[in-house]
Amino acid sequence: MPFESRLLAATVSARSSVPPFHVIRVIDAVVARRAAGLRVFDLSAGQPSTPAPGEVRAAAARALGADKIGYTNALGLPALRAAIAGHYARTYGLHVDPGAVAVTTGSSGAFLLAFLAAFDAGDTVVLARPGYPAYRNMLNALGCGVVELDCRADTRFQPTLAQLEALDAPPAGLVIASPANPTGTMLPPAELAALAAWCDAHGTRLISDEIYHGITFAGAAADAWQFSRSALVVNSFSKYFSMTGWRIGWLLVPDELRDPVDRLAGNFTICPPALSQLAAISAFEAYDELDANVARYRANRDLLLARLPQMGIDRIAPPDGAFYIYADVSRWTSDSFGWAARLLDEAGVAVAPGIDFDPVDGGSFIRMCFAGDAETMVGAMDLMGEWLDRQPVRVSHRT
C-alpha cells in the first residue's frame with residue numbers, strides 16, 4: 001500500500017466503526033417515496049406526529065423577540081432546572097434539588113455525559129437485548145465493553161435479577177429502559193427496586209432511561225430515584241412533551257457526579273440550545289394537551305392490537321408504554337431489513353427493522369410506531385393486511 005494510502009487509512013478511528021441506525025435508511029426511503037408523489041403510511045420514525053405544545057411555541061416566539069439567545073449555564077438555565085425539579089415533585093412526589101438536574105442536548109447528550117462521567121474505557125456495561133442501539137454503539141465508541149442480556153418474551157423483554165446474578169463479575173454499569181424502545185414494556189416498581197438495590201450492593205452504576213415516562217397504558221412508570229439516588233436518570237422533552245427537534249433533555253445526577261458532569265458539559269457543548277431551554281420552561285404548563293396526545297396513542301395502540309392478530313401478527317411484546325409495537329414476523333422472514341424494504345416498496349407502509357434493536361434475533365422482528373394520526377394507523381393496517389395475504393409463509397419459523 002502506498003505511504004499516502006496508509007496514512008489516510010490510519011486517520012479513521014476504530015471507535016467510529018459503529019453500525020448504522022437502519023431505521024434512518026427507512027426514513028430516507030420514505031422521504032424519497034413522498035418526493036416521487038407516492039403514498040406512504042409511516043410507522044417507522046419514533047417520534048410524535050404532533051408539534052410542541054402551544055405554550056412552548058408561544059414562549060419561543062416571545063423569547064425570539066425579547067432575549068438575545070446567548071450562552072447559558074453549562075448545565076442549563078436555573079429556571080428550567082427548577083421547573084424540572086418541580087415536575088418530579090408533581091409526578092412522583094419526589095424532592096429533587098434543582099442542582100441535581102443537568103439540562104442536556106437531547107437525551108443523546110444526556111447519555112454521552114452519563115457514560116463519560118460514570119465509566120472509563122475498558123469498563124463493562126450491561127444492557128438488554130433487544131434495546132435502543134445507540135446505547136451499545138455509543139458505549140463501544142467510548143471504549144467500553146458491552147454485555148447484552150438476551151431478554152425474551154418470558155421476562156417481558158426486560159433484564160432480570162437472575163441474569164445479573166449469573167454474570168461472571170458485577171459490571172461497572174447497567175442500562176435499563178422503562179418503558180423501553182423498541183418493546184414498550186415496563187419494569188414493575190418491585191423489579192426496578194430490586195435491580196437498583198443489586199446495583200447499589202455491587203458497585204454497579206445504574207443508568208435509567210425514562211424518556212417515555214408520561215406515555216404509559218398499564219399504570220404510571222416508576223422513577224429510579226424512588227429507589228436509589230446513586231442512579232443516573234435520563235429524560236427528555238422529545239417524547240411525552242412532543243419536542244423531538246428542539247434537542248433538549250436532562251439528567252438527574254448523583255452528588256458525586258455533579259462536578260464531573262458540569263466540567264464535561266462545559267467542554268463538550270458549552271451549553272444546551274438556549275432557545276429550546278427558554279421554551280421548555282413552559283412545557284410544564286401543558287399537561288392537559290400532552291395527556292390528550294397520550295389518549296390518542298392509546299386509541300392507536302388498541303387499534304393495532306386488534307388488527308395485527310387478524311393478519312397473523314400475534315406475537316407481540318406487551319406495549320405497556322411508549323408508542324411502539326414490537327412484533328415477531330418470523331412467520332414470513334428472518335431478514336427484517338429486506339422485508340421492511342419490500343413492505344414499503346410494494347405496499348407503501350414503513351416500519352423499522354428489528355435488526356436495529358437486536359443484532360442477533362432482530363431479523364425476525366419489526367417495530368411499528370403508533371404515534372401518528374388515526375388515518376395513518378387505519379391506512380397502514382389495511383395495506384399491510386392486503387400485502388401479507390400475498391406473502392408466502394416460511395415452512396420453518398418461530399414456535
# chains A, B, ... in the order shown; residues from 1 in each chain; ligands from 1
$ residues_around --residues "Trp250 of chain A" --least-positions-apart "2" --cutoff "8 Å" --atoms "only C-alpha atoms" --output "list in words"
Val101, Ala102, Val103, Thr104, Thr105, Gly106, Ser107, Ala110, Val234, Asn235, Ser236, Ile248 and Leu252 of chain A
$ residues_around --residues "Ala371 of chain A" --least-positions-apart "4" --cutoff "12 Å" --atoms "only C-alpha atoms" --output "number ranges by chain"
A: 41-51, 215, 239-240, 242, 293-301, 304, 321-325, 375-377
$ closest_residue --among "A:Phe237, A:Arg307, A:Ala231, A:Ile355" --to "Ser282 of chain A" --atoms "only C-alpha atoms"
A:Phe237
$ residues_around --residues "segment 63-65 of chain A" --least-positions-apart "2" --cutoff "8 Å" --atoms "only C-alpha atoms" --output "list in words"
Ala59, Ala60, Ala61, Asp67, Lys68, Ile69, Leu275, Leu278 and Ala279 of chain A
$ write_last_selection --atoms "C-alpha atoms" --output "PDB file, in the first residue's frame"
ATOM      1  CA  ALA A  59     -42.740  31.018  24.741  1.00  0.00           C
ATOM      2  CA  ALA A  60     -40.240  30.516  21.923  1.00  0.00           C
ATOM      3  CA  ALA A  61     -41.805  33.339  19.929  1.00  0.00           C
ATOM      4  CA  ASP A  67     -33.927  37.579  24.527  1.00  0.00           C
ATOM      5  CA  LYS A  68     -30.518  37.685  22.880  1.00  0.00           C
ATOM      6  CA  ILE A  69     -30.420  33.835  22.849  1.00  0.00           C
ATOM      7  CA  LEU A 275     -33.968  28.992  22.706  1.00  0.00           C
ATOM      8  CA  LEU A 278     -36.397  29.149  27.289  1.00  0.00           C
ATOM      9  CA  ALA A 279     -39.323  27.487  25.534  1.00  0.00           C
TER      10      ALA A 279
END
$ closest_residue --among "A:Leu127, A:Val349, A:Val175, A:Ile207" --to "Val30 of chain A" --atoms "only C-alpha atoms"
A:Val349
$ select_by_dssp --residues "segment 118-275 of chain A" --states "alpha helix (DSSP H)" --output "ChimeraX atom specification"
/A:118,133-141,161-165,189-202,258-268,274-275
$ write_last_selection --atoms "C-alpha atoms" --output "PDB file, in the first residue's frame"
ATOM      1  CA  ALA A 118     -19.532   7.139  35.164  1.00  0.00           C
ATOM      2  CA  PRO A 133     -28.980   0.670  19.534  1.00  0.00           C
ATOM      3  CA  ALA A 134     -27.376   3.983  20.486  1.00  0.00           C
ATOM      4  CA  TYR A 135     -26.644   2.635  23.995  1.00  0.00           C
ATOM      5  CA  ARG A 136     -24.484  -0.127  22.558  1.00  0.00           C
ATOM      6  CA  ASN A 137     -22.927   1.956  19.806  1.00  0.00           C
ATOM      7  CA  MET A 138     -22.108   4.957  21.999  1.00  0.00           C
ATOM      8  CA  LEU A 139     -20.548   2.769  24.693  1.00  0.00           C
ATOM      9  CA  ASN A 140     -18.465   0.921  22.102  1.00  0.00           C
ATOM     10  CA  ALA A 141     -17.286   4.220  20.621  1.00  0.00           C
ATOM     11  CA  LEU A 161     -32.043 -10.128  38.792  1.00  0.00           C
ATOM     12  CA  ALA A 162     -31.244 -13.736  37.895  1.00  0.00           C
ATOM     13  CA  GLN A 163     -29.412 -12.617  34.751  1.00  0.00           C
ATOM     14  CA  LEU A 164     -27.309 -10.165  36.758  1.00  0.00           C
ATOM     15  CA  GLU A 165     -26.510 -12.826  39.342  1.00  0.00           C
ATOM     16  CA  PRO A 189     -41.797  -0.997  40.655  1.00  0.00           C
ATOM     17  CA  ALA A 190     -40.724  -4.010  42.707  1.00  0.00           C
ATOM     18  CA  GLU A 191     -38.464  -5.276  39.909  1.00  0.00           C
ATOM     19  CA  LEU A 192     -36.947  -1.838  39.360  1.00  0.00           C
ATOM     20  CA  ALA A 193     -36.338  -1.570  43.112  1.00  0.00           C
ATOM     21  CA  ALA A 194     -34.634  -4.971  43.129  1.00  0.00           C
ATOM     22  CA  LEU A 195     -32.362  -4.071  40.205  1.00  0.00           C
ATOM     23  CA  ALA A 196     -31.453  -0.749  41.828  1.00  0.00           C
ATOM     24  CA  ALA A 197     -30.661  -2.471  45.144  1.00  0.00           C
ATOM     25  CA  TRP A 198     -28.478  -5.057  43.379  1.00  0.00           C
ATOM     26  CA  CYS A 199     -26.568  -2.288  41.605  1.00  0.00           C
ATOM     27  CA  ASP A 200     -26.009  -0.402  44.871  1.00  0.00           C
ATOM     28  CA  ALA A 201     -24.840  -3.560  46.615  1.00  0.00           C
ATOM     29  CA  HIS A 202     -22.395  -4.496  43.838  1.00  0.00           C
ATOM     30  CA  ARG A 258     -22.355  16.721  39.659  1.00  0.00           C
ATOM     31  CA  ASP A 259     -18.963  18.397  39.212  1.00  0.00           C
ATOM     32  CA  PRO A 260     -17.688  15.866  36.624  1.00  0.00           C
ATOM     33  CA  VAL A 261     -20.878  16.276  34.572  1.00  0.00           C
ATOM     34  CA  ASP A 262     -20.592  20.065  34.810  1.00  0.00           C
ATOM     35  CA  ARG A 263     -16.989  20.012  33.586  1.00  0.00           C
ATOM     36  CA  LEU A 264     -17.731  17.591  30.763  1.00  0.00           C
ATOM     37  CA  ALA A 265     -20.769  19.568  29.618  1.00  0.00           C
ATOM     38  CA  GLY A 266     -18.835  22.827  29.502  1.00  0.00           C
ATOM     39  CA  ASN A 267     -16.161  21.263  27.333  1.00  0.00           C
ATOM     40  CA  PHE A 268     -18.391  19.219  25.030  1.00  0.00           C
ATOM     41  CA  ALA A 274     -30.745  28.406  24.658  1.00  0.00           C
ATOM     42  CA  LEU A 275     -33.968  28.992  22.706  1.00  0.00           C
TER      43      LEU A 275
END
$ closest_residue --among "A:Arg394, A:Arg331, A:Arg315, A:Arg90" --to "Ala153 of chain A" --atoms "only C-alpha atoms"
A:Arg315
$ closest_residue --among "A:Tyr71, A:Trp225, A:Phe111, A:Phe21" --to "Phe337 of chain A" --atoms "only C-alpha atoms"
A:Phe21
$ residues_around --residues "Trp387 of chain A" --least-positions-apart "2" --cutoff "12 Å" --atoms "only C-alpha atoms" --output "list in words"
Met311, Gly312, Trp332, Trp339, Ala340, Arg342, Leu343, Leu344, Asp345, Glu346, Ala347, Gly348, Val349, Ala380, Met381, Asp382, Leu383, Met384, Gly385, Asp389, Arg390, Gln391 and Pro392 of chain A
$ residues_around --residues "Asp361 of chain A" --least-positions-apart "4" --cutoff "10 Å" --atoms "only C-alpha atoms" --output "PDB file with N, CA and C atoms, in the first residue's frame"
ATOM      1  N   ARG A 129     -31.063  -6.873  25.452  1.00  0.00           N
ATOM      2  CA  ARG A 129     -31.257  -7.062  24.015  1.00  0.00           C
ATOM      3  C   ARG A 129     -32.578  -7.801  23.824  1.00  0.00           C
ATOM      4  N   PRO A 130     -33.550  -7.201  23.091  1.00  0.00           N
ATOM      5  CA  PRO A 130     -33.473  -6.002  22.255  1.00  0.00           C
ATOM      6  C   PRO A 130     -33.445  -4.713  23.072  1.00  0.00           C
ATOM      7  N   ASP A 150     -29.764 -11.472  26.901  1.00  0.00           N
ATOM      8  CA  ASP A 150     -30.782 -11.971  25.966  1.00  0.00           C
ATOM      9  C   ASP A 150     -32.135 -11.970  26.681  1.00  0.00           C
ATOM     10  N   ASP A 328     -43.083 -10.127  16.320  1.00  0.00           N
ATOM     11  CA  ASP A 328     -42.386 -11.246  15.697  1.00  0.00           C
ATOM     12  C   ASP A 328     -43.014 -11.507  14.326  1.00  0.00           C
ATOM     13  N   SER A 330     -41.419 -13.763  12.179  1.00  0.00           N
ATOM     14  CA  SER A 330     -40.660 -14.921  11.698  1.00  0.00           C
ATOM     15  C   SER A 330     -41.521 -15.859  10.854  1.00  0.00           C
ATOM     16  N   SER A 334     -36.700 -13.986   8.057  1.00  0.00           N
ATOM     17  CA  SER A 334     -35.619 -13.848   9.035  1.00  0.00           C
ATOM     18  C   SER A 334     -34.717 -12.685   8.640  1.00  0.00           C
ATOM     19  N   ASP A 335     -35.185 -11.891   7.670  1.00  0.00           N
ATOM     20  CA  ASP A 335     -34.459 -10.725   7.168  1.00  0.00           C
ATOM     21  C   ASP A 335     -35.374  -9.504   7.289  1.00  0.00           C
ATOM     22  N   SER A 336     -35.454  -8.960   8.495  1.00  0.00           N
ATOM     23  CA  SER A 336     -36.414  -7.881   8.715  1.00  0.00           C
ATOM     24  C   SER A 336     -36.089  -6.629   7.904  1.00  0.00           C
ATOM     25  N   GLY A 354     -36.151  -4.997  12.920  1.00  0.00           N
ATOM     26  CA  GLY A 354     -35.726  -5.379  14.254  1.00  0.00           C
ATOM     27  C   GLY A 354     -34.229  -5.489  14.428  1.00  0.00           C
ATOM     28  N   ILE A 355     -33.458  -5.593  13.330  1.00  0.00           N
ATOM     29  CA  ILE A 355     -32.004  -5.728  13.476  1.00  0.00           C
ATOM     30  C   ILE A 355     -31.383  -4.492  14.101  1.00  0.00           C
ATOM     31  N   PHE A 357     -32.400  -3.144  16.782  1.00  0.00           N
ATOM     32  CA  PHE A 357     -32.567  -3.271  18.228  1.00  0.00           C
ATOM     33  C   PHE A 357     -32.025  -4.581  18.781  1.00  0.00           C
ATOM     34  N   PHE A 365     -38.034  -9.664  13.662  1.00  0.00           N
ATOM     35  CA  PHE A 365     -38.915  -8.717  14.338  1.00  0.00           C
ATOM     36  C   PHE A 365     -38.979  -7.390  13.587  1.00  0.00           C
TER      37      PHE A 365
END
$ atom_distance --atom1 "atom CA of Asp302 of chain A" --atom2 "atom CA of Phe157 of chain A"
20.4 Å
$ decode --residues "segment 214-263 of chain A" --atoms "N, CA and C atoms" --output "PDB file, in the first residue's frame"
ATOM      1  N   GLY A 214     -44.596   9.209  31.176  1.00  0.00           N
ATOM      2  CA  GLY A 214     -45.746  10.028  30.797  1.00  0.00           C
ATOM      3  C   GLY A 214     -46.587   9.369  29.725  1.00  0.00           C
ATOM      4  N   ILE A 215     -45.970   8.476  28.938  1.00  0.00           N
ATOM      5  CA  ILE A 215     -46.702   7.741  27.891  1.00  0.00           C
ATOM      6  C   ILE A 215     -46.818   6.295  28.371  1.00  0.00           C
ATOM      7  N   THR A 216     -47.810   6.029  29.206  1.00  0.00           N
ATOM      8  CA  THR A 216     -47.987   4.688  29.759  1.00  0.00           C
ATOM      9  C   THR A 216     -49.458   4.300  29.690  1.00  0.00           C
ATOM     10  N   PHE A 217     -49.696   2.991  29.579  1.00  0.00           N
ATOM     11  CA  PHE A 217     -51.053   2.470  29.417  1.00  0.00           C
ATOM     12  C   PHE A 217     -51.398   1.407  30.463  1.00  0.00           C
ATOM     13  N   ALA A 218     -50.421   1.054  31.298  1.00  0.00           N
ATOM     14  CA  ALA A 218     -50.635  -0.002  32.294  1.00  0.00           C
ATOM     15  C   ALA A 218     -50.172   0.493  33.656  1.00  0.00           C
ATOM     16  N   GLY A 219     -50.589   1.691  34.014  1.00  0.00           N
ATOM     17  CA  GLY A 219     -50.144   2.292  35.265  1.00  0.00           C
ATOM     18  C   GLY A 219     -48.947   3.188  35.044  1.00  0.00           C
ATOM     19  N   ALA A 220     -48.676   4.060  36.017  1.00  0.00           N
ATOM     20  CA  ALA A 220     -47.570   5.004  35.905  1.00  0.00           C
ATOM     21  C   ALA A 220     -46.236   4.274  36.021  1.00  0.00           C
ATOM     22  N   ALA A 221     -45.232   4.807  35.340  1.00  0.00           N
ATOM     23  CA  ALA A 221     -43.888   4.250  35.427  1.00  0.00           C
ATOM     24  C   ALA A 221     -43.209   4.713  36.711  1.00  0.00           C
ATOM     25  N   ALA A 222     -42.409   3.834  37.293  1.00  0.00           N
ATOM     26  CA  ALA A 222     -41.634   4.184  38.479  1.00  0.00           C
ATOM     27  C   ALA A 222     -40.339   4.858  38.063  1.00  0.00           C
ATOM     28  N   ASP A 223     -39.885   5.791  38.906  1.00  0.00           N
ATOM     29  CA  ASP A 223     -38.634   6.500  38.653  1.00  0.00           C
ATOM     30  C   ASP A 223     -37.523   5.869  39.484  1.00  0.00           C
ATOM     31  N   ALA A 224     -36.330   5.725  38.887  1.00  0.00           N
ATOM     32  CA  ALA A 224     -35.233   5.052  39.578  1.00  0.00           C
ATOM     33  C   ALA A 224     -34.834   5.768  40.862  1.00  0.00           C
ATOM     34  N   TRP A 225     -35.016   7.090  40.920  1.00  0.00           N
ATOM     35  CA  TRP A 225     -34.635   7.811  42.137  1.00  0.00           C
ATOM     36  C   TRP A 225     -35.604   7.556  43.294  1.00  0.00           C
ATOM     37  N   GLN A 226     -36.686   6.876  43.029  1.00  0.00           N
ATOM     38  CA  GLN A 226     -37.537   6.421  44.130  1.00  0.00           C
ATOM     39  C   GLN A 226     -36.849   5.325  44.936  1.00  0.00           C
ATOM     40  N   PHE A 227     -35.833   4.688  44.332  1.00  0.00           N
ATOM     41  CA  PHE A 227     -35.193   3.539  44.968  1.00  0.00           C
ATOM     42  C   PHE A 227     -33.692   3.724  45.187  1.00  0.00           C
ATOM     43  N   SER A 228     -33.048   4.567  44.400  1.00  0.00           N
ATOM     44  CA  SER A 228     -31.613   4.771  44.551  1.00  0.00           C
ATOM     45  C   SER A 228     -31.211   6.143  44.031  1.00  0.00           C
ATOM     46  N   ARG A 229     -30.572   6.938  44.895  1.00  0.00           N
ATOM     47  CA  ARG A 229     -30.052   8.229  44.455  1.00  0.00           C
ATOM     48  C   ARG A 229     -28.636   8.090  43.890  1.00  0.00           C
ATOM     49  N   SER A 230     -28.166   6.853  43.733  1.00  0.00           N
ATOM     50  CA  SER A 230     -26.890   6.611  43.049  1.00  0.00           C
ATOM     51  C   SER A 230     -27.084   6.446  41.546  1.00  0.00           C
ATOM     52  N   ALA A 231     -28.324   6.296  41.115  1.00  0.00           N
ATOM     53  CA  ALA A 231     -28.610   6.110  39.696  1.00  0.00           C
ATOM     54  C   ALA A 231     -28.471   7.421  38.938  1.00  0.00           C
ATOM     55  N   LEU A 232     -28.133   7.312  37.665  1.00  0.00           N
ATOM     56  CA  LEU A 232     -28.217   8.420  36.722  1.00  0.00           C
ATOM     57  C   LEU A 232     -29.512   8.246  35.944  1.00  0.00           C
ATOM     58  N   VAL A 233     -30.379   9.244  35.988  1.00  0.00           N
ATOM     59  CA  VAL A 233     -31.679   9.169  35.329  1.00  0.00           C
ATOM     60  C   VAL A 233     -31.662  10.065  34.088  1.00  0.00           C
ATOM     61  N   VAL A 234     -32.017   9.483  32.960  1.00  0.00           N
ATOM     62  CA  VAL A 234     -32.066  10.210  31.692  1.00  0.00           C
ATOM     63  C   VAL A 234     -33.518  10.459  31.322  1.00  0.00           C
ATOM     64  N   ASN A 235     -33.835  11.697  30.954  1.00  0.00           N
ATOM     65  CA  ASN A 235     -35.165  12.013  30.444  1.00  0.00           C
ATOM     66  C   ASN A 235     -35.040  13.070  29.366  1.00  0.00           C
ATOM     67  N   SER A 236     -36.158  13.423  28.756  1.00  0.00           N
ATOM     68  CA  SER A 236     -36.109  14.265  27.576  1.00  0.00           C
ATOM     69  C   SER A 236     -37.446  14.953  27.368  1.00  0.00           C
ATOM     70  N   PHE A 237     -37.404  16.068  26.672  1.00  0.00           N
ATOM     71  CA  PHE A 237     -38.626  16.740  26.240  1.00  0.00           C
ATOM     72  C   PHE A 237     -39.130  16.181  24.905  1.00  0.00           C
ATOM     73  N   SER A 238     -38.463  15.180  24.352  1.00  0.00           N
ATOM     74  CA  SER A 238     -38.779  14.733  22.998  1.00  0.00           C
ATOM     75  C   SER A 238     -40.090  13.965  22.888  1.00  0.00           C
ATOM     76  N   LYS A 239     -40.370  13.051  23.788  1.00  0.00           N
ATOM     77  CA  LYS A 239     -41.449  12.091  23.557  1.00  0.00           C
ATOM     78  C   LYS A 239     -42.768  12.571  24.165  1.00  0.00           C
ATOM     79  N   TYR A 240     -42.914  12.491  25.482  1.00  0.00           N
ATOM     80  CA  TYR A 240     -44.159  12.942  26.106  1.00  0.00           C
ATOM     81  C   TYR A 240     -44.415  14.413  25.814  1.00  0.00           C
ATOM     82  N   PHE A 241     -43.366  15.227  25.834  1.00  0.00           N
ATOM     83  CA  PHE A 241     -43.527  16.666  25.628  1.00  0.00           C
ATOM     84  C   PHE A 241     -43.543  17.056  24.149  1.00  0.00           C
ATOM     85  N   SER A 242     -43.379  16.082  23.249  1.00  0.00           N
ATOM     86  CA  SER A 242     -43.558  16.284  21.809  1.00  0.00           C
ATOM     87  C   SER A 242     -42.602  17.340  21.245  1.00  0.00           C
ATOM     88  N   MET A 243     -41.316  17.266  21.656  1.00  0.00           N
ATOM     89  CA  MET A 243     -40.340  18.284  21.253  1.00  0.00           C
ATOM     90  C   MET A 243     -39.066  17.633  20.704  1.00  0.00           C
ATOM     91  N   THR A 244     -39.185  16.697  19.786  1.00  0.00           N
ATOM     92  CA  THR A 244     -38.005  15.963  19.313  1.00  0.00           C
ATOM     93  C   THR A 244     -36.944  16.885  18.713  1.00  0.00           C
ATOM     94  N   GLY A 245     -37.320  17.726  17.777  1.00  0.00           N
ATOM     95  CA  GLY A 245     -36.339  18.545  17.071  1.00  0.00           C
ATOM     96  C   GLY A 245     -35.789  19.708  17.876  1.00  0.00           C
ATOM     97  N   TRP A 246     -36.328  19.938  19.049  1.00  0.00           N
ATOM     98  CA  TRP A 246     -35.830  21.028  19.892  1.00  0.00           C
ATOM     99  C   TRP A 246     -34.532  20.640  20.594  1.00  0.00           C
ATOM    100  N   ARG A 247     -34.232  19.352  20.616  1.00  0.00           N
ATOM    101  CA  ARG A 247     -32.999  18.785  21.159  1.00  0.00           C
ATOM    102  C   ARG A 247     -32.727  19.272  22.570  1.00  0.00           C
ATOM    103  N   ILE A 248     -33.615  18.901  23.476  1.00  0.00           N
ATOM    104  CA  ILE A 248     -33.471  19.309  24.869  1.00  0.00           C
ATOM    105  C   ILE A 248     -33.869  18.143  25.774  1.00  0.00           C
ATOM    106  N   GLY A 249     -32.976  17.782  26.672  1.00  0.00           N
ATOM    107  CA  GLY A 249     -33.225  16.684  27.598  1.00  0.00           C
ATOM    108  C   GLY A 249     -32.621  17.016  28.951  1.00  0.00           C
ATOM    109  N   TRP A 250     -32.550  16.005  29.830  1.00  0.00           N
ATOM    110  CA  TRP A 250     -31.942  16.266  31.130  1.00  0.00           C
ATOM    111  C   TRP A 250     -31.459  14.988  31.792  1.00  0.00           C
ATOM    112  N   LEU A 251     -30.593  15.191  32.768  1.00  0.00           N
ATOM    113  CA  LEU A 251     -30.078  14.141  33.633  1.00  0.00           C
ATOM    114  C   LEU A 251     -30.393  14.481  35.081  1.00  0.00           C
ATOM    115  N   LEU A 252     -30.727  13.471  35.870  1.00  0.00           N
ATOM    116  CA  LEU A 252     -30.657  13.592  37.316  1.00  0.00           C
ATOM    117  C   LEU A 252     -29.327  12.976  37.733  1.00  0.00           C
ATOM    118  N   VAL A 253     -28.513  13.778  38.430  1.00  0.00           N
ATOM    119  CA  VAL A 253     -27.116  13.418  38.665  1.00  0.00           C
ATOM    120  C   VAL A 253     -26.860  13.202  40.160  1.00  0.00           C
ATOM    121  N   PRO A 254     -26.304  12.042  40.550  1.00  0.00           N
ATOM    122  CA  PRO A 254     -25.916  11.833  41.949  1.00  0.00           C
ATOM    123  C   PRO A 254     -24.888  12.877  42.385  1.00  0.00           C
ATOM    124  N   ASP A 255     -24.842  13.129  43.690  1.00  0.00           N
ATOM    125  CA  ASP A 255     -23.990  14.189  44.227  1.00  0.00           C
ATOM    126  C   ASP A 255     -22.551  14.095  43.742  1.00  0.00           C
ATOM    127  N   GLU A 256     -21.976  12.884  43.771  1.00  0.00           N
ATOM    128  CA  GLU A 256     -20.557  12.740  43.471  1.00  0.00           C
ATOM    129  C   GLU A 256     -20.227  12.955  41.996  1.00  0.00           C
ATOM    130  N   LEU A 257     -21.249  12.965  41.144  1.00  0.00           N
ATOM    131  CA  LEU A 257     -21.015  13.155  39.712  1.00  0.00           C
ATOM    132  C   LEU A 257     -21.411  14.551  39.223  1.00  0.00           C
ATOM    133  N   ARG A 258     -21.911  15.400  40.110  1.00  0.00           N
ATOM    134  CA  ARG A 258     -22.355  16.721  39.659  1.00  0.00           C
ATOM    135  C   ARG A 258     -21.214  17.521  39.035  1.00  0.00           C
ATOM    136  N   ASP A 259     -20.079  17.606  39.744  1.00  0.00           N
ATOM    137  CA  ASP A 259     -18.963  18.397  39.212  1.00  0.00           C
ATOM    138  C   ASP A 259     -18.385  17.776  37.943  1.00  0.00           C
ATOM    139  N   PRO A 260     -18.161  16.447  37.885  1.00  0.00           N
ATOM    140  CA  PRO A 260     -17.688  15.866  36.624  1.00  0.00           C
ATOM    141  C   PRO A 260     -18.622  16.137  35.448  1.00  0.00           C
ATOM    142  N   VAL A 261     -19.933  16.014  35.663  1.00  0.00           N
ATOM    143  CA  VAL A 261     -20.878  16.276  34.572  1.00  0.00           C
ATOM    144  C   VAL A 261     -20.808  17.742  34.153  1.00  0.00           C
ATOM    145  N   ASP A 262     -20.695  18.642  35.110  1.00  0.00           N
ATOM    146  CA  ASP A 262     -20.592  20.065  34.810  1.00  0.00           C
ATOM    147  C   ASP A 262     -19.357  20.341  33.955  1.00  0.00           C
ATOM    148  N   ARG A 263     -18.219  19.776  34.332  1.00  0.00           N
ATOM    149  CA  ARG A 263     -16.989  20.012  33.586  1.00  0.00           C
ATOM    150  C   ARG A 263     -17.060  19.411  32.186  1.00  0.00           C
TER     151      ARG A 263
END
